[in-house]
$ cat protein.cif   # mmCIF, C-alpha atoms; chains and numbers go by the auth columns
data_query
#
loop_
_atom_site.group_PDB
_atom_site.id
_atom_site.type_symbol
_atom_site.label_atom_id
_atom_site.label_comp_id
_atom_site.label_asym_id
_atom_site.label_seq_id
_atom_site.Cartn_x
_atom_site.Cartn_y
_atom_site.Cartn_z
_atom_site.B_iso_or_equiv
_atom_site.auth_seq_id
_atom_site.auth_asym_id
ATOM 1 C CA MET A 1 200.461 141.734 221.195 0.00 1 A
ATOM 2 C CA ILE A 2 202.676 139.632 218.939 0.00 2 A
ATOM 3 C CA MET A 3 202.224 142.194 216.187 0.00 3 A
ATOM 4 C CA LYS A 4 203.383 144.979 218.520 0.00 4 A
ATOM 5 C CA ILE A 5 206.520 143.033 219.354 0.00 5 A
ATOM 6 C CA ALA A 6 207.150 142.298 215.686 0.00 6 A
ATOM 7 C CA ARG A 7 206.761 145.977 214.760 0.00 7 A
ATOM 8 C CA ALA A 8 209.057 147.035 217.599 0.00 8 A
ATOM 9 C CA LEU A 9 211.698 144.554 216.514 0.00 9 A
ATOM 10 C CA HIS A 10 211.622 145.694 212.898 0.00 10 A
ATOM 11 C CA LYS A 11 211.648 149.453 213.394 0.00 11 A
ATOM 12 C CA ARG A 12 214.933 150.613 212.040 0.00 12 A
ATOM 13 C CA THR A 13 216.276 153.668 210.375 0.00 13 A
ATOM 14 C CA LYS A 14 217.068 153.492 206.707 0.00 14 A
ATOM 15 C CA GLY A 15 220.436 152.047 205.860 0.00 15 A
ATOM 16 C CA ASP A 16 220.932 150.030 209.085 0.00 16 A
ATOM 17 C CA LYS A 17 221.988 146.464 208.445 0.00 17 A
ATOM 18 C CA GLY A 18 222.173 143.532 210.807 0.00 18 A
ATOM 19 C CA PHE A 19 220.169 142.387 213.781 0.00 19 A
ATOM 20 C CA THR A 20 219.269 144.344 216.854 0.00 20 A
ATOM 21 C CA LEU A 21 220.291 143.133 220.289 0.00 21 A
ATOM 22 C CA ILE A 22 216.672 142.387 221.138 0.00 22 A
ATOM 23 C CA GLU A 23 216.261 140.211 218.031 0.00 23 A
ATOM 24 C CA LEU A 24 219.357 138.213 218.974 0.00 24 A
ATOM 25 C CA ILE A 25 218.138 137.758 222.557 0.00 25 A
ATOM 26 C CA VAL A 26 214.736 136.554 221.325 0.00 26 A
ATOM 27 C CA VAL A 27 216.351 134.030 218.982 0.00 27 A
ATOM 28 C CA ILE A 28 218.629 132.737 221.739 0.00 28 A
ATOM 29 C CA ALA A 29 215.650 132.439 224.107 0.00 29 A
ATOM 30 C CA VAL A 30 213.633 130.481 221.521 0.00 30 A
ATOM 31 C CA LEU A 31 216.574 128.156 220.891 0.00 31 A
ATOM 32 C CA GLY A 32 216.935 127.647 224.641 0.00 32 A
ATOM 33 C CA VAL A 33 213.280 126.719 225.002 0.00 33 A
ATOM 34 C CA LEU A 34 213.513 124.292 222.078 0.00 34 A
ATOM 35 C CA ALA A 35 216.629 122.711 223.572 0.00 35 A
ATOM 36 C CA THR A 36 214.924 122.182 226.933 0.00 36 A
ATOM 37 C CA LEU A 37 212.040 120.452 225.175 0.00 37 A
ATOM 38 C CA ILE A 38 214.102 118.256 222.833 0.00 38 A
ATOM 39 C CA ILE A 39 217.151 117.183 224.868 0.00 39 A
ATOM 40 C CA PRO A 40 215.276 115.128 227.508 0.00 40 A
ATOM 41 C CA ARG A 41 213.540 113.179 224.747 0.00 41 A
ATOM 42 C CA VAL A 42 216.798 112.384 222.940 0.00 42 A
ATOM 43 C CA VAL A 43 218.904 111.391 225.948 0.00 43 A
ATOM 44 C CA GLY A 44 218.751 107.656 226.518 0.00 44 A
ATOM 45 C CA VAL A 45 217.208 106.804 223.158 0.00 45 A
ATOM 46 C CA LYS A 46 220.199 104.694 222.082 0.00 46 A
ATOM 47 C CA SER A 47 220.327 102.595 225.237 0.00 47 A
ATOM 48 C CA GLU A 48 216.561 102.130 225.130 0.00 48 A
ATOM 49 C CA ALA A 49 216.786 101.007 221.501 0.00 49 A
ATOM 50 C CA GLU A 50 219.553 98.528 222.375 0.00 50 A
ATOM 51 C CA THR A 51 217.433 97.094 225.180 0.00 51 A
ATOM 52 C CA VAL A 52 214.428 96.694 222.895 0.00 52 A
ATOM 53 C CA ALA A 53 216.628 95.051 220.238 0.00 53 A
ATOM 54 C CA MET A 54 218.071 92.587 222.775 0.00 54 A
ATOM 55 C CA GLU A 55 214.573 91.679 223.975 0.00 55 A
ATOM 56 C CA ALA A 56 213.429 91.154 220.378 0.00 56 A
ATOM 57 C CA ASN A 57 216.473 88.980 219.637 0.00 57 A
ATOM 58 C CA GLU A 58 215.781 86.866 222.697 0.00 58 A
ATOM 59 C CA LYS A 59 212.184 86.335 221.547 0.00 59 A
ATOM 60 C CA ILE A 60 213.446 85.301 218.105 0.00 60 A
ATOM 61 C CA ILE A 61 215.871 82.785 219.630 0.00 61 A
ATOM 62 C CA ARG A 62 213.171 81.380 221.914 0.00 62 A
ATOM 63 C CA ASN A 63 210.817 81.070 218.939 0.00 63 A
ATOM 64 C CA ALA A 64 213.505 79.218 216.957 0.00 64 A
ATOM 65 C CA LEU A 65 214.115 76.907 219.939 0.00 65 A
ATOM 66 C CA GLU A 66 210.423 76.062 220.115 0.00 66 A
ATOM 67 C CA ARG A 67 210.239 75.391 216.365 0.00 67 A
ATOM 68 C CA TYR A 68 213.310 73.150 216.647 0.00 68 A
ATOM 69 C CA TYR A 69 211.670 71.362 219.587 0.00 69 A
ATOM 70 C CA LEU A 70 208.514 70.644 217.606 0.00 70 A
ATOM 71 C CA ASP A 71 210.380 69.555 214.469 0.00 71 A
ATOM 72 C CA ASN A 72 212.831 67.232 216.270 0.00 72 A
ATOM 73 C CA ASP A 73 210.723 64.836 218.322 0.00 73 A
ATOM 74 C CA GLU A 74 210.333 67.247 221.240 0.00 74 A
ATOM 75 C CA ALA A 75 214.040 67.615 221.896 0.00 75 A
ATOM 76 C CA TYR A 76 215.903 70.871 222.288 0.00 76 A
ATOM 77 C CA PRO A 77 219.265 71.375 220.520 0.00 77 A
ATOM 78 C CA GLU A 78 222.510 70.743 222.339 0.00 78 A
ATOM 79 C CA GLU A 79 223.754 74.251 221.536 0.00 79 A
ATOM 80 C CA LEU A 80 222.525 77.388 219.797 0.00 80 A
ATOM 81 C CA ASP A 81 224.797 76.781 216.809 0.00 81 A
ATOM 82 C CA ASP A 82 222.512 73.857 215.891 0.00 82 A
ATOM 83 C CA LEU A 83 219.767 76.399 215.176 0.00 83 A
ATOM 84 C CA VAL A 84 222.005 78.153 212.661 0.00 84 A
ATOM 85 C CA GLU A 85 223.184 74.905 211.045 0.00 85 A
ATOM 86 C CA GLU A 86 219.608 73.670 210.577 0.00 86 A
ATOM 87 C CA GLY A 87 218.328 76.991 209.219 0.00 87 A
ATOM 88 C CA TYR A 88 216.197 78.135 212.140 0.00 88 A
ATOM 89 C CA LEU A 89 218.372 81.252 212.555 0.00 89 A
ATOM 90 C CA ASP A 90 220.712 83.102 210.209 0.00 90 A
ATOM 91 C CA GLU A 91 223.053 83.940 213.070 0.00 91 A
ATOM 92 C CA ILE A 92 223.016 84.094 216.837 0.00 92 A
ATOM 93 C CA PRO A 93 222.842 87.723 217.929 0.00 93 A
ATOM 94 C CA TYR A 94 225.045 88.805 220.847 0.00 94 A
ATOM 95 C CA ASP A 95 226.424 86.333 223.349 0.00 95 A
ATOM 96 C CA TYR A 96 223.689 84.172 224.793 0.00 96 A
ATOM 97 C CA VAL A 97 224.303 81.372 227.255 0.00 97 A
ATOM 98 C CA TYR A 98 222.092 78.423 226.384 0.00 98 A
ATOM 99 C CA GLU A 99 221.775 75.336 228.543 0.00 99 A
ATOM 100 C CA PRO A 100 219.383 72.518 227.685 0.00 100 A
ATOM 101 C CA GLU A 101 217.670 71.052 230.728 0.00 101 A
ATOM 102 C CA ASP A 102 215.487 68.000 231.352 0.00 102 A
ATOM 103 C CA ASP A 103 212.271 69.994 231.353 0.00 103 A
ATOM 104 C CA GLY A 104 213.260 72.788 228.934 0.00 104 A
ATOM 105 C CA TYR A 105 216.181 75.150 228.600 0.00 105 A
ATOM 106 C CA SER A 106 217.710 78.265 230.082 0.00 106 A
ATOM 107 C CA LEU A 107 218.675 81.216 227.905 0.00 107 A
ATOM 108 C CA THR A 108 220.480 84.232 229.333 0.00 108 A
ATOM 109 C CA LEU A 109 222.420 87.116 227.881 0.00 109 A
ATOM 110 C CA LYS A 110 226.128 86.904 228.690 0.00 110 A
ATOM 111 C CA ASN A 111 226.879 90.602 228.150 0.00 111 A
ATOM 112 C CA THR A 112 224.535 93.532 228.537 0.00 112 A
ATOM 113 C CA LYS A 113 225.898 95.528 225.597 0.00 113 A
ATOM 114 C CA PRO A 114 226.295 94.281 222.020 0.00 114 A
ATOM 115 C CA ASP A 115 229.657 96.096 221.694 0.00 115 A
ATOM 116 C CA ASP A 116 231.159 94.085 224.565 0.00 116 A
ATOM 117 C CA LYS A 117 231.352 90.757 222.722 0.00 117 A
ATOM 118 C CA THR A 118 234.126 88.571 224.005 0.00 118 A
ATOM 119 C CA GLU A 119 235.788 86.106 221.701 0.00 119 A
#
$ encode --input "protein.cif" --output "structure tokens"
Amino acid sequence: MIMKIARALHKRTKGDKGFTLIELIVVIAVLGVLATLIIPRVVGVKSEAETVAMEANEKIIRNALERYYLDNDEAYPEELDDLVEEGYLDEIPYDYVYEPEDDGYSLTLKNTKPDDKTE
């Protein structure tokens, strides 16, 4: 059946140049089908990647806090900048709110987007 369609699309008289209307319609239809398959997969990829990156950064900070805790007589740092100064982190990603507590610490993200950093 595909061969019949291909032969029908390519039957032309000698000397004709260009594409037939049917060939153009088929190409547009194929592009439309591809677009309907690809667009839903692409939409939201950036925000999903940002969320995954923020979760990974939080895990890295928590890991550095635990290493600091074990290396410093079971005491958490007073602020996150202490982790950078002592070499546990290269930098503090995004704006995290860190509060040491008697039985641990609390770590929350101040802003939900990395572009919204306030200074």
$ resolve_selection --input "protein.cif" --expression "the PyMOL selection byres ((chain A and resi 59-64) around 12)" --output "PDB file with C-alpha atoms, in the coordinates of the input"
ATOM      1  CA  VAL A  52     214.428  96.694 222.895  1.00  0.00           C
ATOM      2  CA  ALA A  53     216.628  95.051 220.238  1.00  0.00           C
ATOM      3  CA  MET A  54     218.071  92.587 222.775  1.00  0.00           C
ATOM      4  CA  GLU A  55     214.573  91.679 223.975  1.00  0.00           C
ATOM      5  CA  ALA A  56     213.429  91.154 220.378  1.00  0.00           C
ATOM      6  CA  ASN A  57     216.473  88.980 219.637  1.00  0.00           C
ATOM      7  CA  GLU A  58     215.781  86.866 222.697  1.00  0.00           C
ATOM      8  CA  LEU A  65     214.115  76.907 219.939  1.00  0.00           C
ATOM      9  CA  GLU A  66     210.423  76.062 220.115  1.00  0.00           C
ATOM     10  CA  ARG A  67     210.239  75.391 216.365  1.00  0.00           C
ATOM     11  CA  TYR A  68     213.310  73.150 216.647  1.00  0.00           C
ATOM     12  CA  TYR A  69     211.670  71.362 219.587  1.00  0.00           C
ATOM     13  CA  LEU A  70     208.514  70.644 217.606  1.00  0.00           C
ATOM     14  CA  ASP A  71     210.380  69.555 214.469  1.00  0.00           C
ATOM     15  CA  TYR A  76     215.903  70.871 222.288  1.00  0.00           C
ATOM     16  CA  PRO A  77     219.265  71.375 220.520  1.00  0.00           C
ATOM     17  CA  GLU A  79     223.754  74.251 221.536  1.00  0.00           C
ATOM     18  CA  LEU A  80     222.525  77.388 219.797  1.00  0.00           C
ATOM     19  CA  ASP A  81     224.797  76.781 216.809  1.00  0.00           C
ATOM     20  CA  ASP A  82     222.512  73.857 215.891  1.00  0.00           C
ATOM     21  CA  LEU A  83     219.767  76.399 215.176  1.00  0.00           C
ATOM     22  CA  VAL A  84     222.005  78.153 212.661  1.00  0.00           C
ATOM     23  CA  GLU A  86     219.608  73.670 210.577  1.00  0.00           C
ATOM     24  CA  GLY A  87     218.328  76.991 209.219  1.00  0.00           C
ATOM     25  CA  TYR A  88     216.197  78.135 212.140  1.00  0.00           C
ATOM     26  CA  LEU A  89     218.372  81.252 212.555  1.00  0.00           C
ATOM     27  CA  ASP A  90     220.712  83.102 210.209  1.00  0.00           C
ATOM     28  CA  GLU A  91     223.053  83.940 213.070  1.00  0.00           C
ATOM     29  CA  ILE A  92     223.016  84.094 216.837  1.00  0.00           C
ATOM     30  CA  PRO A  93     222.842  87.723 217.929  1.00  0.00           C
ATOM     31  CA  TYR A  94     225.045  88.805 220.847  1.00  0.00           C
ATOM     32  CA  ASP A  95     226.424  86.333 223.349  1.00  0.00           C
ATOM     33  CA  TYR A  96     223.689  84.172 224.793  1.00  0.00           C
ATOM     34  CA  VAL A  97     224.303  81.372 227.255  1.00  0.00           C
ATOM     35  CA  TYR A  98     222.092  78.423 226.384  1.00  0.00           C
ATOM     36  CA  GLY A 104     213.260  72.788 228.934  1.00  0.00           C
ATOM     37  CA  TYR A 105     216.181  75.150 228.600  1.00  0.00           C
ATOM     38  CA  SER A 106     217.710  78.265 230.082  1.00  0.00           C
ATOM     39  CA  LEU A 107     218.675  81.216 227.905  1.00  0.00           C
ATOM     40  CA  THR A 108     220.480  84.232 229.333  1.00  0.00           C
ATOM     41  CA  LEU A 109     222.420  87.116 227.881  1.00  0.00           C
TER      42      LEU A 109
END
$ axis_aligned_box --input "protein.cif" --around "stretch 56-73 of chain A" --padding-each-side "6 Å" --output "lines of an AutoDock Vina configuration file"
center_x = 212.5
center_y = 78.0
center_z = 218.6
size_x = 20.0
size_y = 38.3
size_z = 20.2
$ atom_distance --input "protein.cif" --atom1 "atom CA of A:Lys110" --atom2 "atom CA of A:Glu85"
21.5 Å
$ atom_distance --input "protein.cif" --atom1 "atom CA of A:Asn72" --atom2 "atom CA of A:Pro100"
14.2 Å
$ atom_distance --input "protein.cif" --atom1 "atom CA of A:Glu99" --atom2 "atom CA of A:Glu74"
15.8 Å
